[in-house]
$ cat run-v4.txt   # compact mmCIF, C-alpha atoms and all ligand atoms
# COMPACT_ATOMS: atom_id res chain seq x y z
CA MET A 1 99.37 132.59 139.91
CA SER A 2 96.43 132.07 137.55
CA GLU A 3 93.52 129.72 138.17
CA PHE A 4 93.76 126.10 137.11
CA ASP A 5 92.04 125.39 133.82
CA PRO A 6 88.86 123.28 134.30
CA THR A 7 88.89 122.31 130.60
CA ALA A 8 92.42 120.81 130.79
CA LEU A 9 92.65 117.03 130.70
CA LEU A 10 95.85 117.37 132.68
CA GLU A 11 97.59 120.33 134.21
CA VAL A 12 100.80 120.04 136.18
CA ARG A 13 102.32 122.97 137.97
CA ASN A 14 105.74 123.46 139.47
CA LEU A 15 106.49 119.76 139.64
CA SER A 16 109.89 118.93 141.05
CA LYS A 17 111.52 115.60 141.69
CA ASN A 18 114.75 115.15 143.60
CA PHE A 19 116.76 111.98 143.97
CA GLY A 20 118.93 112.86 146.96
CA ALA A 21 121.03 115.80 145.77
CA VAL A 22 120.06 115.29 142.12
CA GLN A 23 117.25 117.56 140.93
CA ALA A 24 115.96 115.48 138.03
CA LEU A 25 112.98 117.79 137.41
CA LYS A 26 112.61 121.43 138.50
CA ASP A 27 109.44 123.50 138.53
CA PHE A 28 107.92 121.74 135.56
CA SER A 29 104.54 123.02 134.35
CA MET A 30 102.45 121.77 131.47
CA THR A 31 98.81 121.69 130.32
CA ILE A 32 97.10 119.29 127.93
CA HIS A 33 93.68 119.89 126.44
CA PRO A 34 91.41 117.33 124.78
CA GLY A 35 92.70 116.39 121.34
CA GLU A 36 96.16 117.84 121.93
CA VAL A 37 99.49 116.15 121.28
CA VAL A 38 102.29 117.62 123.35
CA ALA A 39 105.83 116.52 122.59
CA LEU A 40 108.44 116.30 125.30
CA ALA A 41 111.96 116.65 124.01
CA GLY A 42 115.38 116.92 125.57
CA ASP A 43 118.77 115.32 125.50
CA ASN A 44 119.69 112.25 127.52
CA GLY A 45 119.29 112.95 131.22
CA ALA A 46 117.10 116.02 130.61
CA GLY A 47 114.33 114.70 132.87
CA LYS A 48 111.78 113.31 130.39
CA THR A 49 111.52 109.88 132.00
CA THR A 50 111.33 111.43 135.46
CA MET A 51 108.50 113.69 134.32
CA ILE A 52 106.43 110.85 132.84
CA LYS A 53 107.04 108.68 135.90
CA VAL A 54 105.72 111.42 138.17
CA VAL A 55 102.64 111.93 135.99
CA SER A 56 101.99 108.18 135.72
CA GLY A 57 102.19 107.35 139.41
CA VAL A 58 105.60 105.63 139.48
CA PHE A 59 107.27 108.42 141.52
CA ALA A 60 105.62 110.78 143.96
CA PRO A 61 106.67 114.36 143.17
CA SER A 62 108.96 116.11 145.67
CA SER A 63 106.74 119.16 145.22
CA GLY A 64 104.16 120.59 142.85
CA GLU A 65 100.59 119.93 141.86
CA ILE A 66 98.73 117.74 139.37
CA ARG A 67 95.16 118.46 138.32
CA MET A 68 92.71 116.81 135.96
CA GLN A 69 89.77 118.93 134.75
CA GLY A 70 90.84 121.47 137.37
CA LYS A 71 90.57 119.02 140.27
CA PRO A 72 93.66 118.09 142.32
CA VAL A 73 94.71 114.45 141.92
CA THR A 74 97.39 112.24 143.42
CA PHE A 75 98.53 108.87 142.12
CA ALA A 76 99.46 106.20 144.63
CA SER A 77 100.70 103.85 141.90
CA PRO A 78 100.65 103.35 138.12
CA GLN A 79 97.43 101.33 138.59
CA ASP A 80 95.90 104.30 140.37
CA ALA A 81 96.96 106.73 137.58
CA ARG A 82 95.51 104.29 135.03
CA ALA A 83 92.21 104.10 136.93
CA GLN A 84 92.10 107.91 136.72
CA GLY A 85 92.63 107.83 132.95
CA ILE A 86 96.39 108.14 132.45
CA GLU A 87 98.06 105.30 130.59
CA THR A 88 101.78 105.08 129.84
CA ILE A 89 103.04 103.03 126.94
CA TYR A 90 106.72 102.28 127.42
CA GLN A 91 108.96 101.11 124.62
CA ASP A 92 108.72 97.47 125.68
CA LEU A 93 104.89 97.77 125.27
CA ALA A 94 104.25 95.21 128.03
CA LEU A 95 102.48 92.79 125.68
CA ALA A 96 102.09 89.06 126.27
CA ASP A 97 103.59 87.68 123.05
CA ASN A 98 101.75 84.37 123.11
CA LEU A 99 98.30 86.01 123.35
CA SER A 100 96.02 87.55 120.73
CA ILE A 101 94.99 91.21 120.58
CA GLY A 102 91.93 90.37 122.71
CA GLY A 103 94.09 88.44 125.17
CA ASN A 104 96.35 91.46 125.52
CA ILE A 105 93.52 93.94 125.90
CA PHE A 106 92.07 91.91 128.75
CA LEU A 107 95.33 90.73 130.29
CA GLY A 108 94.50 90.00 133.93
CA ARG A 109 90.93 91.33 133.56
CA GLU A 110 89.45 88.67 131.26
CA PRO A 111 85.68 88.55 130.77
CA MET A 112 84.14 85.24 131.84
CA ARG A 113 81.01 83.41 130.87
CA ARG A 114 79.35 80.33 132.37
CA LEU A 115 79.42 77.09 130.48
CA TRP A 116 76.07 75.27 130.87
CA GLY A 117 75.17 78.08 133.24
CA VAL A 118 77.69 76.90 135.85
CA LEU A 119 81.33 76.45 134.88
CA PRO A 120 83.21 79.78 134.52
CA VAL A 121 85.24 79.92 131.30
CA LEU A 122 86.97 82.68 129.32
CA ASP A 123 84.54 84.54 127.11
CA ARG A 124 86.68 84.34 123.97
CA LYS A 125 83.90 85.62 121.75
CA ALA A 126 83.55 88.82 123.82
CA MET A 127 87.33 89.24 123.78
CA ALA A 128 87.57 88.84 120.00
CA GLU A 129 84.66 91.22 119.49
CA ALA A 130 86.23 93.86 121.75
CA ALA A 131 89.53 93.45 119.89
CA ARG A 132 87.81 93.90 116.54
CA GLU A 133 85.86 96.97 117.69
CA THR A 134 88.82 98.58 119.38
CA MET A 135 91.11 98.23 116.37
CA ALA A 136 88.34 99.51 114.09
CA ARG A 137 87.93 102.56 116.33
CA LEU A 138 91.62 103.23 115.77
CA ASP A 139 91.09 102.72 112.05
CA PHE A 140 93.75 100.03 112.24
CA HIS A 141 93.27 96.87 110.25
CA VAL A 142 94.81 93.54 111.14
CA SER A 143 93.82 90.50 109.18
CA ARG A 144 94.73 87.93 111.83
CA LEU A 145 92.74 89.06 114.81
CA ASN A 146 93.25 85.85 116.75
CA ALA A 147 96.94 85.31 116.02
CA PRO A 148 99.46 85.71 118.82
CA VAL A 149 100.90 89.23 118.76
CA SER A 150 104.42 87.78 118.50
CA ASN A 151 103.63 87.49 114.76
CA PHE A 152 102.94 91.22 114.48
CA SER A 153 105.17 93.99 113.18
CA GLY A 154 106.46 96.75 115.48
CA GLY A 155 103.75 99.16 114.32
CA GLN A 156 101.00 96.58 114.83
CA ARG A 157 102.30 95.88 118.34
CA GLN A 158 102.15 99.59 119.12
CA ALA A 159 98.57 99.55 117.86
CA VAL A 160 97.71 96.72 120.27
CA ALA A 161 99.23 98.60 123.23
CA ILE A 162 97.33 101.75 122.22
CA GLY A 163 94.15 99.70 121.68
CA ARG A 164 94.38 98.29 125.20
CA ALA A 165 94.68 101.82 126.64
CA VAL A 166 91.76 103.05 124.55
CA TYR A 167 89.57 100.07 125.46
CA TRP A 168 90.10 100.84 129.16
CA ASN A 169 89.24 104.47 128.51
CA ALA A 170 92.56 106.26 128.85
CA GLN A 171 92.05 110.00 128.45
CA ILE A 172 95.77 110.72 128.36
CA LEU A 173 98.28 108.47 126.69
CA ILE A 174 101.92 108.96 127.47
CA MET A 175 104.01 107.40 124.73
CA ASP A 176 107.72 106.88 125.30
CA GLU A 177 109.62 106.85 122.00
CA PRO A 178 106.82 105.01 120.14
CA THR A 179 108.52 105.35 116.76
CA ALA A 180 112.08 104.46 117.77
CA ALA A 181 113.10 101.03 116.46
CA LEU A 182 110.52 101.15 113.63
CA GLY A 183 111.02 101.40 109.88
CA VAL A 184 109.59 104.43 108.08
CA PRO A 185 106.27 102.85 106.92
CA GLU A 186 105.65 101.58 110.44
CA GLN A 187 106.50 104.98 111.92
CA ARG A 188 103.84 106.49 109.66
CA LYS A 189 101.27 104.00 110.96
CA VAL A 190 102.05 104.94 114.54
CA LEU A 191 101.77 108.66 113.74
CA ALA A 192 98.40 107.92 112.10
CA LEU A 193 97.30 106.19 115.31
CA ILE A 194 98.29 109.25 117.32
CA ARG A 195 96.21 111.44 114.99
CA GLN A 196 93.30 109.08 115.52
CA LEU A 197 93.64 109.50 119.30
CA LYS A 198 93.51 113.28 118.75
CA THR A 199 90.25 113.07 116.81
CA GLN A 200 88.79 111.09 119.71
CA GLY A 201 89.59 114.01 122.02
CA ARG A 202 92.27 112.19 123.97
CA GLY A 203 95.49 113.89 125.04
CA VAL A 204 98.88 112.52 124.09
CA ILE A 205 102.27 113.19 125.62
CA PHE A 206 104.74 112.14 122.99
CA ILE A 207 108.36 111.61 124.05
CA SER A 208 110.75 111.41 121.16
CA HIS A 209 114.29 112.11 120.04
CA ASN A 210 113.00 112.29 116.47
CA LEU A 211 112.21 115.91 115.60
CA GLN A 212 110.74 114.92 112.25
CA ASP A 213 108.09 112.81 114.00
CA ILE A 214 107.47 115.55 116.55
CA PHE A 215 106.92 118.11 113.80
CA ALA A 216 104.67 115.67 111.94
CA VAL A 217 102.26 115.01 114.78
CA ALA A 218 102.58 117.36 117.78
CA ASP A 219 100.64 120.57 118.41
CA ARG A 220 103.06 121.85 121.00
CA ILE A 221 106.53 121.00 122.24
CA VAL A 222 108.10 121.35 125.66
CA VAL A 223 111.89 121.15 125.79
CA LEU A 224 113.70 120.02 128.92
CA ARG A 225 117.34 120.64 129.68
CA ARG A 226 118.98 119.30 132.84
CA GLY A 227 115.64 119.14 134.62
CA ASN A 228 114.65 122.68 133.67
CA THR A 229 112.09 123.75 131.09
CA ALA A 230 114.22 125.27 128.34
CA GLY A 231 111.20 126.41 126.37
CA GLU A 232 107.69 125.68 125.16
CA ARG A 233 106.51 126.41 121.62
CA GLN A 234 103.51 125.86 119.38
CA ILE A 235 104.76 123.62 116.57
CA ALA A 236 103.34 126.07 114.03
CA ASP A 237 105.53 128.83 115.48
CA THR A 238 108.88 127.04 115.63
CA ASN A 239 111.32 124.98 113.59
CA PRO A 240 113.75 122.11 114.25
CA ASP A 241 116.76 124.47 114.45
CA GLU A 242 115.20 126.45 117.25
CA ILE A 243 114.28 123.26 119.13
CA VAL A 244 117.83 121.88 118.84
CA LYS A 245 119.17 125.19 120.22
CA LEU A 246 116.78 124.94 123.17
CA MET A 247 117.86 121.33 123.76
CA VAL A 248 121.59 121.99 123.81
CA GLY A 249 121.45 125.46 125.37
CA GLY A 250 124.26 127.96 125.16
N1 LIG B 301 116.03 106.70 140.30
C1 LIG B 301 116.96 107.65 140.16
N2 LIG B 301 117.89 107.88 141.12
C2 LIG B 301 118.81 108.86 140.99
N3 LIG B 301 118.92 109.66 139.92
C3 LIG B 301 118.04 109.49 138.93
C4 LIG B 301 117.01 108.48 139.00
N4 LIG B 301 116.27 108.55 137.85
C5 LIG B 301 116.81 109.56 137.12
N5 LIG B 301 117.86 110.13 137.77
C6 LIG B 301 118.65 111.26 137.27
O1 LIG B 301 117.76 112.29 136.90
C7 LIG B 301 118.20 112.96 135.73
C8 LIG B 301 117.11 112.92 134.66
O2 LIG B 301 116.98 111.58 134.15
P1 LIG B 301 115.82 111.08 133.18
O3 LIG B 301 115.94 109.62 133.07
O4 LIG B 301 114.53 111.62 133.65
O5 LIG B 301 116.23 111.76 131.81
P2 LIG B 301 115.67 111.51 130.34
O6 LIG B 301 115.43 112.86 129.76
O7 LIG B 301 114.53 110.58 130.37
O8 LIG B 301 116.89 110.84 129.59
P3 LIG B 301 116.91 109.65 128.48
O9 LIG B 301 116.55 110.31 127.19
O10 LIG B 301 118.35 109.23 128.52
O11 LIG B 301 115.98 108.59 128.92
C9 LIG B 301 119.51 112.28 135.32
O12 LIG B 301 120.58 113.05 135.84
C10 LIG B 301 119.43 110.94 136.00
O13 LIG B 301 120.71 110.44 136.28

$ encode --input "run-v4.txt" --output "structure tokens" --more "lines below"
Ligand SMILES: Nc1ncnc2c1ncn2[C@@H]1O[C@H](COP(=O)(O)OP(=O)(O)OP(=O)(O)O)[C@@H](O)[C@H]1O
Amino acid sequence: MSEFDPTALLEVRNLSKNFGAVQALKDFSMTIHPGEVVALAGDNGAGKTTMIKVVSGVFAPSSGEIRMQGKPVTFASPQDARAQGIETIYQDLALADNLSIGGNIFLGREPMRRLWGVLPVLDRKAMAEAARETMARLDFHVSRLNAPVSNFSGGQRQAVAIGRAVYWNAQILIMDEPTAALGVPEQRKVLALIRQLKTQGRGVIFISHNLQDIFAVADRIVVLRRGNTAGERQIADTNPDEIVKLMVGG
């Protein structure tokens, strides 16, 4: 087998995950380079969630290898994967509704300052500044920076979750159905955010049932079927018909 690629942000090889007798993922291999968006598609039960949970430290693989920049890595937990630069954004986004963008970016890791040089208090100014800078880096404009995120639209909430990952320096963002449940204008905003992540040299794994979105934003697509890799294509070299055939098999 060939050498691992030292320029790859993430390279997984022959990953398998069994749940008792169920082989949820079999011999899965994938590489992501800086600035690449790789879509993961497949019907229900194909193994997409299992794959992202292995790569984000939720499940240990039954076998196989994970490397970052050519170096072997293991993830003891999602926190550990995050510390190594892999952030997963699930559909629920894990935002605290009552807090602002800054509050959400720093959730549980708030910057403090000392009042009168003694009393530790939240450094709200630093939080607001980080929120402003982070959203500007994503080229995403929100007028009410200090409003609770419960007031935000679905696309804005996605932007906050992405902003938090970017602030904490995620090199790879795994996004689980980020455009499901959004109206068309909001879907466009999320796709624009993904393009912004690309220009920053980050890698994105984009899980979606929506082939239109995949074709709009991905560079490459990997199709899973019943835990197996049914095919991998450059987006420029394929079309939705071919992808649907790979998904359903036969
Ligand atoms: N914790 C678990 N215990 C046992 N079996 C599991 C577990 N998690 C997933 N599976 C099985 O593994 C297979 C792959 O499931 P997975 O959730 O990864 O698919 P998926 O492609 O994400 O589907 P969906 O689009 O419906 O989310 C399924 O047969 C599922 O029943």

$ closest_atom_pairs --input "run-v4.txt" --of "chain A" --to "ligand LIG 301 (chain B)" --cutoff "7 Å" --atoms "all atoms listed in the file" --output "tab-separated table"
residue	atom	partner	partner_atom	distance
A:Phe19	CA	B:LIG301	C2	4.8
A:Val22	CA	B:LIG301	N3	6.2
A:Gln23	CA	B:LIG301	O1	6.7
A:Ala24	CA	B:LIG301	O1	3.8
A:Leu25	CA	B:LIG301	C8	7.0
A:Gly42	CA	B:LIG301	O6	5.8
A:Asp43	CA	B:LIG301	O9	5.7
A:Asn44	CA	B:LIG301	O10	3.5
A:Gly45	CA	B:LIG301	O5	3.3
A:Ala46	CA	B:LIG301	O6	3.7
A:Gly47	CA	B:LIG301	O4	3.2
A:Lys48	CA	B:LIG301	O6	3.7
A:Thr49	CA	B:LIG301	O7	3.5
A:Thr50	CA	B:LIG301	O4	3.7
A:Met51	CA	B:LIG301	O4	6.4
A:Arg226	CA	B:LIG301	C8	6.9
A:Gly227	CA	B:LIG301	C8	6.4

$ closest_atom_pairs --input "run-v4.txt" --of "region 156-216 of chain A" --to "region 110-132 of chain A" --cutoff "10 Å" --atoms "all atoms listed in the file" --output "JSON lines"
{"residue": "A:Val160", "atom": "CA", "partner": "A:Ala131", "partner_atom": "CA", "distance": 8.8}
{"residue": "A:Gly163", "atom": "CA", "partner": "A:Ala131", "partner_atom": "CA", "distance": 8.0}
{"residue": "A:Arg164", "atom": "CA", "partner": "A:Ala131", "partner_atom": "CA", "distance": 8.7}
{"residue": "A:Tyr167", "atom": "CA", "partner": "A:Ala130", "partner_atom": "CA", "distance": 8.0}

$ residues_near_point --input "run-v4.txt" --point "(110.4, 114.9, 124.7)" --cutoff "7 Å" --atoms "all atoms listed in the file" --output "MDAnalysis selection string"
chainID A and resid 39:42 48 206:209 222:223

$ atom_distance --input "run-v4.txt" --atom1 "CA of Ser100 (chain A)" --atom2 "CA of Pro78 (chain A)"
23.9 Å

$ residues_around --input "run-v4.txt" --residues "region 141-144 of chain A" --least-positions-apart "6" --cutoff "10 Å" --atoms "all atoms listed in the file" --output "MDAnalysis selection string"
chainID A and resid 100:101 132 135 151:152 156 159

$ residues_around --input "run-v4.txt" --residues "Leu197 (chain A)" --least-positions-apart "3" --cutoff "10 Å" --atoms "only C-alpha atoms" --output "list of chain:residue names"
A:Pro34, A:Gly35, A:Glu36, A:Val37, A:Arg137, A:Leu138, A:Ile162, A:Val166, A:Gln171, A:Ile172, A:Leu173, A:Leu191, A:Ala192, A:Leu193, A:Ile194, A:Gln200, A:Gly201, A:Arg202, A:Gly203, A:Val204

$ closest_residue --input "run-v4.txt" --among "A:Gly103, A:Pro178, A:Pro72, A:Pro6" --to "Val190 (chain A)" --atoms "all atoms listed in the file"
A:Pro178

$ atom_distance --input "run-v4.txt" --atom1 "CA of Gln91 (chain A)" --atom2 "CA of Ser56 (chain A)"
14.9 Å

$ closest_residue --input "run-v4.txt" --among "A:Asp97, A:Asp213, A:Glu133, A:Asp176" --to "Pro240 (chain A)" --atoms "only C-alpha atoms"
A:Asp213

$ atom_distance --input "run-v4.txt" --atom1 "CA of Asp80 (chain A)" --atom2 "CA of Leu107 (chain A)"
16.9 Å

$ closest_residue --input "run-v4.txt" --among "A:Ser63, A:Gln212, A:Thr134, A:Gln79" --to "Ser16 (chain A)" --atoms "all atoms listed in the file"
A:Ser63

$ closest_residue --input "run-v4.txt" --among "A:Glu232, A:Glu177, A:Asp219, A:Glu87" --to "Phe28 (chain A)" --atoms "only C-alpha atoms"
A:Glu232

$ residues_around --input "run-v4.txt" --residues "Ile66 (chain A)" --least-positions-apart "3" --cutoff "6 Å" --atoms "all atoms listed in the file" --output "NGL selection string"
:A and (11-12 or 72-73)

$ closest_residue --input "run-v4.txt" --among "A:Arg225, A:Gln158, A:Thr88, A:Ile214" --to "Thr238 (chain A)" --atoms "all atoms listed in the file"
A:Ile214

$ closest_residue --input "run-v4.txt" --among "A:Gln187, A:Ser2, A:Asn104, A:Ser62" --to "Asp27 (chain A)" --atoms "only C-alpha atoms"
A:Ser62
